[in-house]
Amino acid sequence: MSSEMKEKKYPACARSAKWREDFPIEWDGDHYVTRREMVKFLTLGSLLLASANWATVVAGKLLDRGSKLERQIGPVSDLDRDGSMLFRYPTEQDPGIAVRTPEGKIVAYSQVCTHLSCAVVYDKAENGLFCPCHHGLFNLQGQPVAGPPTRPLPRIRVEQRGDRLYAIGMEG
Ligand code: FES
């Protein structure tokens, strides 16, 4: 755009000749970006992205630390009476299930099926965790053995202290 056209289009600019004297701008070269400016822009952009990446990693670590919260999830006698016990861990929105295996070990998993998130239940006859939605089945190691699920159930580490069972962290 020529300077006459600009003066027609922006008459206020044309009248304020004082600032033009102080800060002379070549309008034609206004959008010209020097190599130095480009390098500065790329460097700052890269630093910004690196900072965002770092912040994401730190936030992930903090959330992971949150999942290592210890929580009492119930009396072991309830688990032994019913064969399994439902609880919430690590938050009140996360259902979990603990099962006493035939070998006498206590294992616990997220109750959320890894196929489409239905709740799995303990199936004593199948010796596994059954998902009624699409007949998925997980063994007591949390591995999918039948039906559509292909990913294992997230494992919850548990610890028995007397008659009390504690969830002490998520695995994986
Ligand atoms: S949601 Fe569990 S098998 Fe589909």
# chains A, B, ... in the order shown; residues from 1 in each chain; ligands from 1
call {"tool": "closest_atom_pairs", "arguments": {"of": "chain A", "to": "ligand 1", "cutoff": "6 Å", "atoms": "only C-alpha atoms and all ligand atoms", "output": "JSON lines"}}
result
{"residue": "A:Cys113", "atom": "CA", "partner": "ligand 1", "partner_atom_place_in_ligand_line": "2 (Fe)", "distance": 4.6}
{"residue": "A:His115", "atom": "CA", "partner": "ligand 1", "partner_atom_place_in_ligand_line": "1 (S)", "distance": 4.5}
{"residue": "A:Leu116", "atom": "CA", "partner": "ligand 1", "partner_atom_place_in_ligand_line": "1 (S)", "distance": 3.7}
{"residue": "A:Ser117", "atom": "CA", "partner": "ligand 1", "partner_atom_place_in_ligand_line": "1 (S)", "distance": 5.0}
{"residue": "A:Cys118", "atom": "CA", "partner": "ligand 1", "partner_atom_place_in_ligand_line": "1 (S)", "distance": 4.5}
{"residue": "A:Cys131", "atom": "CA", "partner": "ligand 1", "partner_atom_place_in_ligand_line": "2 (Fe)", "distance": 4.6}
{"residue": "A:Cys133", "atom": "CA", "partner": "ligand 1", "partner_atom_place_in_ligand_line": "4 (Fe)", "distance": 5.2}
{"residue": "A:His134", "atom": "CA", "partner": "ligand 1", "partner_atom_place_in_ligand_line": "3 (S)", "distance": 4.1}
{"residue": "A:His135", "atom": "CA", "partner": "ligand 1", "partner_atom_place_in_ligand_line": "3 (S)", "distance": 5.3}
{"residue": "A:Gly136", "atom": "CA", "partner": "ligand 1", "partner_atom_place_in_ligand_line": "3 (S)", "distance": 3.9}
{"residue": "A:Pro148", "atom": "CA", "partner": "ligand 1", "partner_atom_place_in_ligand_line": "3 (S)", "distance": 5.4}
{"residue": "A:Pro149", "atom": "CA", "partner": "ligand 1", "partner_atom_place_in_ligand_line": "3 (S)", "distance": 5.6}
call {"tool": "select_by_dssp", "arguments": {"residues": "stretch 22-165 of chain A", "states": "helix (DSSP H, G or I)", "output": "JSON, numbers by chain"}}
result
{"A": [22, 27, 28, 29, 35, 36, 37, 38, 39, 40, 41, 42, 43, 44, 45, 46, 47, 48, 49, 50, 51, 52, 53, 54, 55, 56, 57, 58, 59, 60, 61, 62, 63, 64, 65, 66, 76, 77, 78, 79, 80, 81, 82]}
call {"tool": "residues_around", "arguments": {"residues": "stretch 68-73 of chain A", "least_positions_apart": "5", "cutoff": "9 Å", "atoms": "only C-alpha atoms", "output": "list of chain:residue names"}}
result
A:Met85, A:Leu86, A:Phe87, A:Arg88, A:Tyr89, A:Pro90, A:Arg164, A:Leu165, A:Tyr166, A:Ala167, A:Ile168, A:Gly169, A:Met170
call {"tool": "closest_residue", "arguments": {"among": "A:Glu159, A:Ile106, A:Trp19, A:Thr114", "to": "A:Leu137", "atoms": "only C-alpha atoms"}}
result
A:Thr114
